[in-house]
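Pasting structure.txt here (compact mmCIF, C-alpha atoms):
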# COMPACT_ATOMS: atom_id res chain seq x y z
CA MET A 1 -16.97 193.79 69.78
CA PRO A 2 -19.93 193.12 72.09
CA ALA A 3 -19.07 192.18 75.63
CA THR A 4 -19.31 188.48 76.48
CA ARG A 5 -19.86 186.88 79.81
CA THR A 6 -16.82 185.17 81.29
CA GLN A 7 -16.65 183.03 84.35
CA ASP A 8 -14.53 184.63 87.01
CA ALA A 9 -14.43 185.01 90.73
CA CYS A 10 -17.65 187.08 90.65
CA ASP A 11 -19.68 184.44 88.74
CA PRO A 12 -22.35 183.07 91.13
CA ILE A 13 -22.11 179.66 89.47
CA THR A 14 -18.38 179.09 89.85
CA ARG A 15 -17.28 181.12 92.81
CA SER A 16 -16.71 179.26 96.06
CA SER A 17 -19.03 180.06 98.93
CA MET A 18 -17.65 181.80 102.00
CA SER A 19 -21.00 181.70 103.83
CA ILE A 20 -21.12 180.48 107.43
CA TYR A 21 -24.67 179.15 106.96
CA ASP A 22 -25.44 175.45 106.52
CA ALA A 23 -28.24 176.25 104.03
CA LYS A 24 -27.01 176.99 100.51
CA PRO A 25 -28.76 179.11 97.84
CA LEU A 26 -31.14 177.04 95.73
CA SER A 27 -29.72 176.06 92.35
CA LEU A 28 -31.46 177.49 89.26
CA GLU A 29 -29.90 175.06 86.78
CA LYS A 30 -33.03 172.89 86.34
CA VAL A 31 -35.65 175.66 86.15
CA ARG A 32 -38.15 174.85 83.37
CA THR A 33 -38.96 177.50 80.76
CA TYR A 34 -41.25 177.64 77.75
CA PRO A 35 -41.57 179.60 74.50
CA LEU A 36 -43.15 183.01 75.18
CA ALA A 37 -45.55 182.68 72.24
CA SER A 38 -47.00 179.45 73.68
CA ARG A 39 -48.20 181.13 76.88
CA PRO A 40 -51.83 182.28 77.29
CA SER A 41 -51.78 185.98 78.24
CA LYS A 42 -54.42 188.31 79.64
CA VAL A 43 -53.57 191.21 77.35
CA THR A 44 -52.91 191.22 73.59
CA VAL A 45 -52.42 194.03 71.11
CA ASN A 46 -56.02 193.40 69.99
CA ASP A 47 -57.12 194.83 73.35
CA PHE A 48 -55.10 198.03 73.08
CA ALA A 49 -56.56 201.50 72.77
CA LYS A 50 -56.82 203.01 69.31
CA PRO A 51 -56.15 206.67 68.57
CA VAL A 52 -59.15 208.81 67.66
CA THR A 53 -59.28 211.70 65.23
CA GLU A 54 -61.02 215.05 65.34
CA GLY A 55 -63.82 213.58 63.23
CA SER A 56 -64.34 210.37 65.22
CA SER A 57 -67.93 209.60 66.21
CA LEU A 58 -69.00 208.79 69.76
CA LYS A 59 -69.33 205.12 68.87
CA GLU A 60 -65.84 205.12 67.35
CA TYR A 61 -64.44 206.78 70.46
CA LEU A 62 -66.03 204.20 72.76
CA ALA A 63 -64.82 201.35 70.57
CA SER A 64 -61.31 202.84 70.70
CA LEU A 65 -61.00 202.42 74.47
CA PRO A 66 -58.70 199.62 75.69
CA ASN A 67 -60.69 196.44 76.22
CA ILE A 68 -59.01 195.94 79.59
CA LEU A 69 -60.04 196.02 83.28
CA ALA A 70 -62.47 198.89 84.02
CA VAL A 71 -63.50 199.30 80.38
CA GLN A 72 -64.34 195.60 80.21
CA ASN A 73 -66.43 195.93 83.36
CA LEU A 74 -68.22 199.03 82.11
CA ARG A 75 -69.04 197.35 78.81
CA ALA A 76 -70.22 194.18 80.53
CA LEU A 77 -72.40 196.20 82.90
CA ALA A 78 -73.89 198.14 80.00
CA GLY A 79 -74.70 194.82 78.37
CA GLN A 80 -76.53 193.65 81.49
CA ILE A 81 -78.49 196.90 81.66
CA HIS A 82 -79.52 196.46 78.02
CA ARG A 83 -80.57 192.90 78.82
CA ALA A 84 -82.65 194.09 81.77
CA ARG A 85 -84.46 196.56 79.56
CA GLU A 86 -85.17 193.88 76.97
CA LEU A 87 -86.48 191.54 79.68
CA ARG A 88 -88.53 194.38 81.24
CA LYS A 89 -86.75 193.86 84.54
CA PRO A 90 -86.11 196.73 86.98
CA ILE A 91 -83.08 198.94 86.51
CA ILE A 92 -82.79 200.66 89.89
CA TRP A 93 -80.50 203.62 90.49
CA GLY A 94 -79.53 204.23 94.11
CA ILE A 95 -78.01 207.72 94.25
CA GLY A 96 -76.43 210.04 96.77
CA GLY A 97 -76.60 213.82 96.75
CA HIS A 98 -73.22 214.18 95.07
CA VAL A 99 -74.75 212.79 91.87
CA ILE A 100 -77.13 215.75 91.77
CA LYS A 101 -74.49 218.28 92.86
CA THR A 102 -72.20 217.28 90.01
CA GLY A 103 -74.86 218.09 87.43
CA LEU A 104 -75.88 214.60 86.37
CA ALA A 105 -79.66 214.94 86.62
CA PRO A 106 -80.02 215.68 82.86
CA ILE A 107 -78.10 212.48 82.08
CA LEU A 108 -80.33 210.40 84.36
CA ILE A 109 -83.49 212.04 83.01
CA ASP A 110 -82.45 211.16 79.47
CA LEU A 111 -81.67 207.57 80.48
CA MET A 112 -85.07 207.42 82.18
CA ASN A 113 -86.75 208.51 78.97
CA ARG A 114 -84.84 205.77 77.12
CA GLY A 115 -85.95 203.06 79.55
CA PHE A 116 -82.65 202.67 81.40
CA VAL A 117 -83.98 204.01 84.74
CA ASN A 118 -87.07 202.27 86.14
CA ALA A 119 -86.79 203.23 89.81
CA ILE A 120 -84.72 205.55 92.00
CA ALA A 121 -83.58 205.15 95.60
CA ALA A 122 -82.26 208.35 97.14
CA ASN A 123 -80.76 209.47 100.41
CA GLY A 124 -81.89 212.69 102.08
CA SER A 125 -79.32 214.93 100.44
CA VAL A 126 -80.75 214.12 97.01
CA LEU A 127 -84.07 215.62 98.12
CA VAL A 128 -82.37 218.79 99.32
CA HIS A 129 -80.17 219.42 96.28
CA ASP A 130 -82.70 218.44 93.63
CA SER A 131 -85.42 220.59 95.21
CA GLU A 132 -83.14 223.62 95.45
CA ILE A 133 -82.07 223.22 91.83
CA ALA A 134 -85.71 223.03 90.76
CA MET A 135 -86.67 226.11 92.76
CA VAL A 136 -83.75 228.47 92.13
CA GLY A 137 -81.37 226.73 89.72
CA SER A 138 -78.51 226.38 92.22
CA THR A 139 -77.53 224.39 95.31
CA SER A 140 -74.62 223.38 97.56
CA GLU A 141 -73.96 226.29 99.90
CA ASP A 142 -70.52 227.14 101.28
CA VAL A 143 -70.66 225.40 104.67
CA ASP A 144 -67.38 226.90 105.90
CA ALA A 145 -68.66 230.41 105.25
CA THR A 146 -72.04 229.96 106.96
CA LEU A 147 -71.51 227.47 109.77
CA GLY A 148 -69.80 229.95 112.08
CA GLU A 149 -72.78 232.29 111.97
CA GLY A 150 -75.19 229.45 112.62
CA VAL A 151 -77.06 230.01 109.36
CA PHE A 152 -75.89 226.90 107.47
CA GLY A 153 -78.90 224.99 106.21
CA GLY A 154 -81.36 227.76 107.00
CA ALA A 155 -82.87 228.17 103.52
CA ASP A 156 -86.55 228.81 104.21
CA GLU A 157 -88.04 227.44 100.98
CA THR A 158 -86.09 224.18 101.24
CA GLY A 159 -87.30 223.41 104.74
CA LYS A 160 -90.89 224.33 104.00
CA LEU A 161 -91.17 222.26 100.84
CA LEU A 162 -89.51 219.12 102.15
CA ASN A 163 -91.19 219.05 105.56
CA ASP A 164 -94.66 220.02 104.35
CA ALA A 165 -94.42 217.33 101.67
CA ALA A 166 -93.38 214.71 104.22
CA PHE A 167 -96.33 215.63 106.49
CA ALA A 168 -98.77 215.40 103.58
CA GLY A 169 -97.27 212.11 102.46
CA ALA A 170 -97.62 210.58 105.91
CA SER A 171 -101.23 211.74 106.11
CA GLU A 172 -102.03 210.09 102.79
CA GLY A 173 -99.96 206.93 103.24
CA ILE A 174 -97.52 207.56 100.39
CA GLY A 175 -93.74 207.47 100.43
CA LEU A 176 -91.38 210.37 100.92
CA GLY A 177 -89.99 210.30 97.39
CA GLU A 178 -93.43 210.42 95.80
CA ALA A 179 -94.62 213.12 98.21
CA ILE A 180 -91.72 215.45 97.46
CA GLY A 181 -91.88 214.80 93.72
CA ARG A 182 -95.57 215.70 93.79
CA ALA A 183 -94.94 218.85 95.82
CA LEU A 184 -92.28 220.01 93.38
CA VAL A 185 -94.38 219.34 90.30
CA ASN A 186 -97.37 221.11 91.83
CA ALA A 187 -95.18 224.12 92.63
CA ASN A 188 -94.14 224.26 88.96
CA PRO A 189 -90.66 225.60 89.79
CA PRO A 190 -88.81 227.56 87.11
CA HIS A 191 -86.02 224.99 86.73
CA ARG A 192 -88.13 221.85 86.83
CA ASP A 193 -86.54 220.57 83.60
CA TYR A 194 -83.30 220.03 85.58
CA SER A 195 -85.06 218.19 88.42
CA LEU A 196 -84.77 214.42 88.56
CA LEU A 197 -87.61 214.31 91.11
CA CYS A 198 -89.94 216.26 88.83
CA ALA A 199 -89.09 214.13 85.82
CA ALA A 200 -89.56 210.87 87.73
CA TYR A 201 -92.89 211.94 89.23
CA THR A 202 -94.18 213.05 85.83
CA ALA A 203 -93.07 209.74 84.27
CA ARG A 204 -94.50 207.71 87.20
CA VAL A 205 -91.06 206.23 87.87
CA PRO A 206 -90.97 205.28 91.56
CA VAL A 207 -88.67 207.38 93.73
CA THR A 208 -87.95 206.05 97.21
CA ALA A 209 -86.15 208.19 99.77
CA PHE A 210 -84.36 207.22 102.98
CA VAL A 211 -83.44 209.91 105.50
CA THR A 212 -81.20 209.81 108.52
CA ILE A 213 -83.02 211.91 111.11
CA GLY A 214 -80.82 214.91 111.86
CA GLY A 215 -78.68 214.31 108.80
CA ASP A 216 -80.33 216.83 106.48
CA ILE A 217 -80.77 220.58 106.81
CA ALA A 218 -84.58 220.41 106.73
CA HIS A 219 -84.59 218.39 109.96
CA PHE A 220 -84.03 221.43 112.18
CA HIS A 221 -86.58 223.70 110.52
CA PRO A 222 -89.65 224.75 112.54
CA ASN A 223 -92.13 222.70 110.48
CA VAL A 224 -90.29 219.36 110.70
CA ASP A 225 -92.24 216.32 111.85
CA GLY A 226 -90.01 213.37 112.75
CA GLY A 227 -92.94 210.99 112.71
CA ALA A 228 -93.82 211.98 109.16
CA LEU A 229 -90.23 211.50 108.01
CA GLY A 230 -90.10 208.07 109.61
CA ALA A 231 -93.47 206.94 108.29
CA THR A 232 -92.85 208.04 104.71
CA SER A 233 -89.32 206.61 104.66
CA HIS A 234 -90.62 203.28 105.92
CA THR A 235 -93.31 203.24 103.24
CA ASP A 236 -90.54 203.79 100.72
CA PHE A 237 -88.56 200.90 102.19
CA ARG A 238 -91.46 198.56 101.55
CA LEU A 239 -91.93 200.00 98.06
CA LEU A 240 -88.27 199.56 97.17
CA ALA A 241 -88.39 195.98 98.45
CA GLU A 242 -91.24 195.27 96.04
CA VAL A 243 -89.21 196.71 93.14
CA VAL A 244 -86.17 194.66 94.22
CA ARG A 245 -88.38 191.54 94.25
CA GLY A 246 -88.95 192.12 90.55
CA MET A 247 -85.20 192.00 89.84
CA ASN A 248 -85.26 188.20 89.83
CA GLY A 249 -84.22 186.90 86.43
CA GLY A 250 -82.23 189.82 85.06
CA GLY A 251 -82.70 193.03 87.07
CA VAL A 252 -79.97 195.57 87.84
CA TYR A 253 -79.19 197.70 90.90
CA LEU A 254 -76.66 200.54 90.65
CA ASN A 255 -75.33 202.25 93.76
CA VAL A 256 -73.91 205.64 92.82
CA GLY A 257 -72.38 207.82 95.48
CA SER A 258 -73.92 206.48 98.69
CA ALA A 259 -71.36 204.89 101.01
CA VAL A 260 -73.60 203.90 103.93
CA THR A 261 -77.35 204.54 103.78
CA LEU A 262 -78.39 203.03 100.47
CA PRO A 263 -76.09 199.97 100.62
CA GLU A 264 -77.64 199.13 103.99
CA VAL A 265 -81.18 199.73 102.72
CA PHE A 266 -80.61 197.64 99.58
CA LEU A 267 -79.21 194.73 101.60
CA LYS A 268 -82.27 194.78 103.88
CA CYS A 269 -84.56 194.80 100.85
CA VAL A 270 -82.73 191.75 99.50
CA THR A 271 -83.06 189.84 102.76
CA LEU A 272 -86.73 190.82 103.15
CA VAL A 273 -87.52 189.54 99.65
CA ARG A 274 -85.77 186.24 100.31
CA ASN A 275 -87.23 185.98 103.81
CA LEU A 276 -90.72 186.05 102.28
CA GLY A 277 -89.80 183.13 100.05
CA HIS A 278 -89.25 184.97 96.78
CA GLU A 279 -86.39 183.90 94.54
CA LEU A 280 -83.81 186.58 93.76
CA ARG A 281 -81.22 185.27 91.33
CA ASP A 282 -79.62 186.24 88.03
CA ILE A 283 -79.24 189.84 89.19
CA THR A 284 -76.55 192.41 88.46
CA THR A 285 -75.26 194.98 90.92
CA ALA A 286 -72.66 197.71 90.66
CA ASN A 287 -71.06 200.36 92.84
CA PHE A 288 -69.85 203.62 91.34
CA ASP A 289 -67.69 205.88 93.49
CA PHE A 290 -64.31 207.58 93.54
CA ILE A 291 -63.46 205.52 96.65
CA GLN A 292 -64.54 201.90 97.01
CA SER A 293 -65.82 201.69 100.58
CA TYR A 294 -66.59 198.64 102.70
CA ARG A 295 -70.40 198.78 102.72
CA PRO A 296 -71.03 199.26 98.99
CA LEU A 297 -68.52 196.57 98.09
CA THR A 298 -69.95 194.18 100.67
CA ASN A 299 -73.67 194.99 100.70
CA VAL A 300 -74.14 195.79 97.01
CA VAL A 301 -71.41 194.13 94.96
CA ARG A 302 -70.65 190.92 96.89
CA ARG A 303 -73.33 189.69 99.29
CA PRO A 304 -76.50 189.97 97.17
CA THR A 305 -74.81 188.18 94.24
CA ALA A 306 -73.04 185.48 96.29
CA ASP A 307 -73.48 181.74 95.70
CA GLY A 308 -74.20 182.16 92.02
CA ALA A 309 -77.06 184.63 92.47
CA GLY A 310 -75.57 187.13 90.05
CA GLN A 311 -72.65 189.35 89.15
CA GLY A 312 -71.35 192.47 90.90
CA TYR A 313 -69.12 195.22 89.53
CA ALA A 314 -67.08 197.99 91.13
CA ILE A 315 -66.40 201.03 88.95
CA THR A 316 -63.99 203.52 90.50
CA GLY A 317 -63.89 207.13 89.42
CA HIS A 318 -65.58 210.50 89.72
CA HIS A 319 -69.30 210.43 88.99
CA GLU A 320 -69.08 213.37 86.61
CA LEU A 321 -66.86 211.17 84.41
CA THR A 322 -68.07 207.60 84.91
CA ILE A 323 -71.84 208.16 84.68
CA PRO A 324 -71.73 210.08 81.37
CA LEU A 325 -69.39 207.37 80.09
CA LEU A 326 -71.85 204.64 81.11
CA ALA A 327 -74.68 206.60 79.52
CA ALA A 328 -72.69 206.88 76.31
CA GLN A 329 -72.08 203.13 76.33
CA LEU A 330 -75.79 202.49 76.81
CA ILE A 331 -76.93 204.90 74.10
CA SER A 332 -74.28 203.92 71.56
CA GLY A 333 -74.83 200.22 72.04
CA VAL A 334 -71.09 199.55 72.55
CA THR A 335 -71.40 196.87 75.22
CA GLY A 336 -69.67 193.70 76.35
CA LYS A 337 -70.75 190.18 77.15
Rewritten as structure tokens:
Amino acid sequence: MPATRTQDACDPITRSSMSIYDAKPLSLEKVRTYPLASRPSKVTVNDFAKPVTEGSSLKEYLASLPNILAVQNLRALAGQIHRARELRKPIIWGIGGHVIKTGLAPILIDLMNRGFVNAIAANGSVLVHDSEIAMVGSTSEDVDATLGEGVFGGADETGKLLNDAAFAGASEGIGLGEAIGRALVNANPPHRDYSLLCAAYTARVPVTAFVTIGGDIAHFHPNVDGGALGATSHTDFRLLAEVVRGMNGGGVYLNVGSAVTLPEVFLKCVTLVRNLGHELRDITTANFDFIQSYRPLTNVVRRPTADGAGQGYAITGHHELTIPLLAAQLISGVTGK
């Protein structure tokens, strides 16, 4: 026989209180309940993941993902990027060096060719890693093994290319991103097909670059010119601001792997555009990183889209996983509203 509840000395309803407190436990007798099926819920079985088979297509795999939380955001973001392309509004990718180091340049080059990358904002490490990949097919030295000897960052070709390009760019009044892209293309490096800078320069997709003086290895090479770095970076700031101005009415800005520099630059572009009297509304922003830091969340996701100006997303995860997944969503057409 199943056990049944009996009222005894241990029953909280019937036992007498021995407490010394004046306040008594609140009675639960009149708590209101409702039928479970009548309640609106955030998750239903229709949102659950579906198993895939060995023969499932990419589109079937993407459709099988649970339509919950991060997947919903990724699909919605992909939908906004598709919309931007249809409206011919800028789709700007702000990237840090880790994006290049994790082998994602081929993904971004393909998206560029498909019209999903219209402009690039880069920090200084992007210039270093992309140039080294173009020239020798490898990058990212072992800092721990070389710092003690004082040879970390001493690669001769890297310093010469980046600093000579910056000097030429300053002399001609062009930005740092364009100057380095031109220098790489003119050098015709053996691995140029893996270079995002080469691909962007060839496609005339604007690349803007923002360096922190002293923050990159090329800044202590003999041919460095701080004035040239500053002048070309500032030209790029003005160029990026013009591209951001065009985001009004459907543009997208993605911050991928820059925790400080690019979120600050993007915010200043936004305020410059609005300071000059240009409207900047109906925009979409997103931050991709494996840690959601203060500046990207504040300066990219929240502030530019505040007061009904747009929608911001935060996608957490490793770039080598999330960016290919976003690319797959964009190419397959599996998007959200």
Quiz prompt | Minimum-distance residue to Val128 in chain A, chosen among A:Leu162, A:Ala63, A:Leu262, A:Ile315 (using only C-alpha atoms) | solution =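 The shortest atom-to-atom distance to Val128 in chain A comes from A:Leu162.
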Quiz item: Nearest to Gly215 in chain A among A:Val265, A:His278, A:Gln292, A:Val126, with distances taken over all atoms listed in the file: which residue is it?
Solution: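 Once distances to Gly215 in chain A are computed over all atoms listed in the file, the minimum belongs to A:Val126.
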Exercise. Would you list the residues near (-90.4, 224.0, 85.2) (no more than 12 Å away, in the coordinates of the file, using all atoms listed in the file) as a PyMOL selection string?
Key: chain A and resi 131+133-137+184-199+202
Self-check item: Nearest-residue call for Asp216 in chain A, choices A:Asn123, A:Thr305, A:Thr271, A:Thr235, using all atoms listed in the file
Solution: A:Asn123
Quiz item: Mind pulling up the distance from CA of Ala78 in chain A to CA of Phe288 in chain A?
Solution: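 Interatomic distance here is 13.2 Å.
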Practice problem: Would you mind listing what lies within 10 Å of range 74-77 of chain A as number ranges by chain, with only C-alpha atoms counted and same-chain residues fewer than 5 positions away left out? | Solution: A: 62, 67, 69, 82-83, 252, 254, 284-286, 311-315, 322, 325-326, 329-330, 333-337
Find the residues around range 104-121 of chain A up to 6 Å (only C-alpha atoms counted), leave out those fewer than 4 positions away in its own chain, and share them as a PDB file with C-alpha atoms, keeping the file's coordinate frame.
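Listed below is the output, around_4.pdb:
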ATOM      1  CA  PRO A  90     -86.110 196.730  86.980  1.00  0.00           C
ATOM      2  CA  ILE A  91     -83.080 198.940  86.510  1.00  0.00           C
ATOM      3  CA  ILE A  92     -82.790 200.660  89.890  1.00  0.00           C
ATOM      4  CA  TRP A  93     -80.500 203.620  90.490  1.00  0.00           C
ATOM      5  CA  GLY A  94     -79.530 204.230  94.110  1.00  0.00           C
ATOM      6  CA  VAL A  99     -74.750 212.790  91.870  1.00  0.00           C
ATOM      7  CA  ILE A 100     -77.130 215.750  91.770  1.00  0.00           C
ATOM      8  CA  LEU A 196     -84.770 214.420  88.560  1.00  0.00           C
ATOM      9  CA  VAL A 205     -91.060 206.230  87.870  1.00  0.00           C
ATOM     10  CA  PRO A 206     -90.970 205.280  91.560  1.00  0.00           C
ATOM     11  CA  VAL A 207     -88.670 207.380  93.730  1.00  0.00           C
ATOM     12  CA  THR A 208     -87.950 206.050  97.210  1.00  0.00           C
ATOM     13  CA  ALA A 209     -86.150 208.190  99.770  1.00  0.00           C
TER      14      ALA A 209
END
Quiz item: Which residues come within 12 Å of Asp236 in chain A, counting all atoms listed in the file, excluding same-chain residues fewer than 4 positions away, as an MDAnalysis selection string?
Solution: chainID A and resid 119:123 166 169:170 173:179 206:211 229:232 240:243 265:266 269
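As for CA of Asn73 in chain A and CA of Val260 in chain A, they are spaced 23.2 Å apart.
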